[in-house]
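File shown: final_32.txt (compact mmCIF, C-alpha atoms and all ligand atoms).
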# COMPACT_ATOMS: atom_id res chain seq x y z
CA MET A 1037 32.93 4.24 53.69
CA THR A 1038 34.85 2.48 50.94
CA GLU A 1039 34.51 3.39 47.24
CA SER A 1040 32.56 0.17 46.65
CA GLU A 1041 30.06 0.88 49.42
CA ARG A 1042 29.57 4.45 48.13
CA LYS A 1043 28.76 3.12 44.61
CA HIS A 1044 26.39 0.60 46.10
CA LEU A 1045 24.47 3.40 47.85
CA ILE A 1046 24.24 5.58 44.73
CA PHE A 1047 23.68 3.00 41.97
CA GLY A 1048 22.37 0.00 43.88
CA GLY A 1049 25.49 -2.04 43.11
CA GLU A 1050 27.23 -3.06 39.90
CA PRO A 1051 24.60 -5.50 38.60
CA GLY A 1052 21.96 -2.79 39.04
CA VAL A 1053 24.03 -0.32 36.99
CA MET A 1054 24.43 -2.86 34.19
CA LEU A 1055 20.71 -3.69 34.21
CA SER A 1056 19.60 -0.08 33.97
CA ALA A 1057 22.11 0.57 31.16
CA GLY A 1058 20.58 -2.39 29.30
CA GLY A 1059 17.13 -1.01 30.07
CA VAL A 1060 18.03 2.36 28.57
CA VAL A 1061 19.32 0.70 25.39
CA MET A 1062 16.13 -1.38 25.19
CA VAL A 1063 13.91 1.70 25.59
CA LEU A 1064 15.90 3.50 22.86
CA VAL A 1065 15.55 0.55 20.49
CA VAL A 1066 11.82 0.18 21.15
CA THR A 1067 11.27 3.94 20.69
CA THR A 1068 13.24 3.99 17.42
CA VAL A 1069 11.36 1.00 16.03
CA ALA A 1070 8.01 2.51 17.06
CA MET A 1071 8.91 5.83 15.39
CA ALA A 1072 9.97 4.06 12.20
CA PHE A 1073 6.64 2.18 12.09
CA GLY A 1074 4.78 5.44 12.72
CA ILE A 1075 6.54 7.16 9.83
CA LEU A 1076 5.94 4.21 7.50
CA LEU A 1077 2.24 4.08 8.47
CA ALA A 1078 1.84 7.84 7.89
CA LEU A 1079 3.52 7.56 4.48
CA ARG A 1080 1.38 4.59 3.53
CA LEU A 1081 -1.90 6.20 4.58
CA GLY A 1082 -1.01 9.50 2.90
CA GLY A 1083 0.16 7.73 -0.21
CA THR A 1084 -2.97 5.57 -0.38
CA LEU A 1085 -5.37 8.49 -0.15
CA ASN A 1086 -3.57 10.57 -2.78
CA THR A 1087 -3.00 7.80 -5.29
CA PRO A 1088 -6.02 7.22 -7.52
CA GLU A 1089 -7.71 3.88 -7.17
CA VAL A 1090 -7.85 2.24 -10.59
CA VAL A 1091 -10.94 0.22 -11.46
CA ARG A 1092 -11.55 -1.59 -14.74
CA VAL A 1093 -15.00 -2.53 -16.01
CA ARG A 1094 -16.24 -3.75 -19.36
CA LEU A 1095 -19.42 -2.67 -21.09
CA GLY A 1096 -20.99 -4.73 -23.84
CA SER A 1097 -24.44 -5.59 -25.13
CA ASP A 1098 -24.51 -8.11 -22.25
CA GLY A 1099 -24.06 -5.33 -19.70
CA PHE A 1100 -21.31 -4.32 -17.29
CA THR A 1101 -18.67 -6.71 -15.97
CA PRO A 1102 -18.45 -6.63 -13.03
CA GLU A 1103 -21.86 -5.22 -12.13
CA THR A 1104 -20.81 -4.15 -8.62
CA VAL A 1105 -17.58 -2.42 -7.65
CA GLN A 1106 -16.58 -1.18 -4.20
CA ILE A 1107 -14.50 2.00 -4.05
CA GLN A 1108 -13.18 4.14 -1.22
CA SER A 1109 -14.68 7.50 -0.25
CA GLY A 1110 -12.38 10.52 -0.23
CA ARG A 1111 -9.94 8.88 -2.60
CA PRO A 1112 -9.67 9.75 -6.31
CA VAL A 1113 -10.83 6.92 -8.55
CA GLU A 1114 -10.14 6.22 -12.21
CA ILE A 1115 -12.76 3.99 -13.75
CA TRP A 1116 -11.56 2.61 -17.07
CA VAL A 1117 -14.58 1.50 -19.07
CA PHE A 1118 -13.74 -0.87 -21.91
CA ARG A 1119 -16.38 -0.83 -24.65
CA LYS A 1120 -16.52 -4.37 -25.99
CA ASP A 1121 -18.60 -3.77 -29.09
CA ALA A 1122 -20.03 -1.07 -31.33
CA VAL A 1123 -23.75 -1.45 -30.56
CA PRO A 1124 -25.45 1.93 -29.90
CA CYS A 1125 -26.23 0.90 -26.30
CA THR A 1126 -22.56 1.04 -25.33
CA GLY A 1127 -21.77 4.38 -26.98
CA SER A 1128 -21.54 6.29 -23.72
CA VAL A 1129 -21.58 5.93 -19.95
CA VAL A 1130 -23.36 8.13 -17.42
CA LEU A 1131 -22.59 8.56 -13.73
CA GLU A 1132 -26.00 9.68 -12.60
CA ASN A 1133 -25.17 11.03 -9.14
CA LEU A 1134 -22.38 13.23 -10.48
CA GLY A 1135 -23.75 14.35 -13.85
CA ILE A 1136 -20.79 12.82 -15.71
CA ILE A 1137 -21.30 11.66 -19.31
CA LYS A 1138 -18.46 10.10 -21.33
CA ALA A 1139 -18.52 8.96 -24.95
CA LEU A 1140 -16.89 5.56 -25.49
CA ALA A 1141 -14.91 4.46 -28.53
CA PRO A 1142 -15.48 0.84 -29.61
CA ARG A 1143 -12.97 -1.71 -28.33
CA LYS A 1144 -11.09 0.91 -26.33
CA ALA A 1145 -10.95 1.85 -22.67
CA THR A 1146 -12.11 5.33 -21.66
CA MET A 1147 -11.35 6.80 -18.25
CA VAL A 1148 -13.98 8.33 -16.00
CA ALA A 1149 -12.27 10.08 -13.09
CA PHE A 1150 -13.81 11.58 -9.96
CA THR A 1151 -13.45 11.62 -6.17
CA PRO A 1152 -16.44 10.20 -4.30
CA LYS A 1153 -16.87 12.34 -1.19
CA HIS A 1154 -19.48 10.36 0.72
CA GLN A 1155 -20.55 6.79 1.28
CA GLY A 1156 -23.39 5.60 -0.90
CA ASP A 1157 -24.27 3.72 -4.05
CA TYR A 1158 -23.50 5.44 -7.35
CA THR A 1159 -25.05 4.25 -10.59
CA LEU A 1160 -22.88 3.88 -13.67
CA ARG A 1161 -25.09 3.24 -16.66
CA CYS A 1162 -25.03 3.13 -20.43
CA GLY A 1163 -26.26 6.19 -22.31
CA MET A 1164 -29.63 4.58 -22.90
CA GLY A 1165 -30.07 3.47 -19.31
CA CYS A 1166 -30.64 -0.21 -20.06
CA ARG A 1167 -27.31 -1.48 -18.57
CA LYS A 1168 -26.22 -0.59 -15.06
CA ALA A 1169 -23.36 -1.11 -12.65
CA ILE A 1170 -23.33 -0.05 -9.01
CA LEU A 1171 -20.31 1.71 -7.50
CA LYS A 1172 -20.46 1.12 -3.77
CA VAL A 1173 -18.62 4.00 -2.09
CA ARG A 1174 -17.48 3.00 1.39
CA ASP A 1175 -15.13 4.52 3.98
CA GLU A 1176 -12.96 1.44 4.33
CA GLU A 1177 -10.06 0.73 2.02
CA VAL A 1178 -10.70 -2.04 -0.48
CA VAL A 1179 -8.44 -4.26 -2.47
CA VAL A 1180 -9.61 -4.21 -6.07
CA LEU A 1181 -8.88 -7.30 -8.09
CA PRO A 1182 -8.14 -6.33 -11.68
CA VAL A 1183 -10.43 -7.39 -14.51
CA PHE A 1184 -8.39 -8.32 -17.56
CA PHE A 1185 -9.60 -7.28 -20.99
CA GLU A 1186 -9.73 -10.00 -23.59
CU CU A 1201 -27.95 0.46 -23.01

I'd like the structure from this file rewritten - as structure tokens, please.
Amino acid sequence: MTESERKHLIFGGEPGVMLSAGGVVMVLVVTTVAMAFGILLALRLGGTLNTPEVVRVRLGSDGFTPETVQIQSGRPVEIWVFRKDAVPCTGSVVLENLGIIKALAPRKATMVAFTPKHQGDYTLRCGMGCRKAILKVRDEEVVVLPVFFE
């Protein structure tokens, strides 16, 4: 048996050797790319859940703007409530389900921070209870469009 015939028996010939070497490189590249995506995804998910979601609402004698906000369960949220005017109605906000009461200074934003644990609708209302906004707590991640203060 010649050297060439022996190689052919072991490796299935030269083209076969080249093909499987290319295959190995391809598998390595695919594995590396997949691992990199996995790491990035883990970082993104972890980062998203630990970073507070920031929500801005306004409260005036005309009520809350917006009146409905969707937030994510299990993620800390910072609700910045901007008090537009100095009427007594807007002097404080109450988060009924959580027993949170916050005094508001006129024409300033005050932060109400908490972590909603479960899905459900939470009521954010003025101290008197005549103006209401609904915080819809859902499991899915939401993109919150900012509300700009005038
Ligand atoms: Cu009120």

Just the number, please: distance in Å from atom CU of ligand CU 1201 (chain A) to atom CA of A:Asp1121, one decimal. 11.9 Å

Residue contacts of A:Ser1097 (8 Å, all atoms listed in the file) excluding same-chain residues fewer than 5 positions away, as a VMD selection string: chain A and resid 1121 1123 1125 to 1126

Go through chain A residue by residue and, counting only C-alpha atoms and all ligand atoms, keep those with an atom at most 9 Å from ligand CU 1201 (chain A); for each kept residue give the shortest atom pair and its distance in Å to one decimal, ordered by chain and increasing number, as CSV.
residue,atom,partner,partner_atom,distance
A:Gly1096,CA,A:CU1201,CU,8.7
A:Ser1097,CA,A:CU1201,CU,7.3
A:Gly1099,CA,A:CU1201,CU,7.7
A:Val1123,CA,A:CU1201,CU,8.8
A:Pro1124,CA,A:CU1201,CU,7.5
A:Cys1125,CA,A:CU1201,CU,3.7
A:Thr1126,CA,A:CU1201,CU,5.9
A:Gly1127,CA,A:CU1201,CU,8.3
A:Ser1128,CA,A:CU1201,CU,8.7
A:Val1129,CA,A:CU1201,CU,8.9
A:Arg1161,CA,A:CU1201,CU,7.5
A:Cys1162,CA,A:CU1201,CU,4.7
A:Gly1163,CA,A:CU1201,CU,6.0
A:Met1164,CA,A:CU1201,CU,4.5
A:Gly1165,CA,A:CU1201,CU,5.2
A:Cys1166,CA,A:CU1201,CU,4.0
A:Arg1167,CA,A:CU1201,CU,4.9
A:Lys1168,CA,A:CU1201,CU,8.2

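If all atoms listed in the file are the atoms counted, then among A:Asp1098, A:Phe1118, A:Glu1132, A:Gly1110 the closest residue to A:Glu1176 is A:Gly1110.
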
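Considering the residues A:Lys1120, A:Asn1086, A:Gln1155, A:Ala1139 and counting all atoms listed in the file, A:Phe1100 has its shortest atom-to-atom contact with A:Lys1120.
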
Name all residues at most 9 Å from A:Thr1101 (count only C-alpha atoms; drop same-chain ones fewer than 6 positions away) and give them as a list of chain:residue names. A:Arg1092, A:Val1093, A:Arg1094, A:Leu1095, A:Ala1169, A:Val1183

Take the point (-11.5, 4.9, -10.2) in the file's coordinates, draw a sphere of radius 12 Å around it, and report as a PyMOL selection string every protein, DNA or RNA residue with an atom inside or on it, counting all atoms listed in the file. chain A and resi 1087-1093+1105-1117+1146-1152+1160+1171-1173+1178+1180+1182

To one decimal place in Å, what is the distance between atom CA of A:Ala1141 and atom CA of A:Thr1104? 22.5 Å

Report, in Å to a single decimal, how far apart atom CA of A:Gly1156 and atom CA of A:Leu1131 are. 13.2 Å
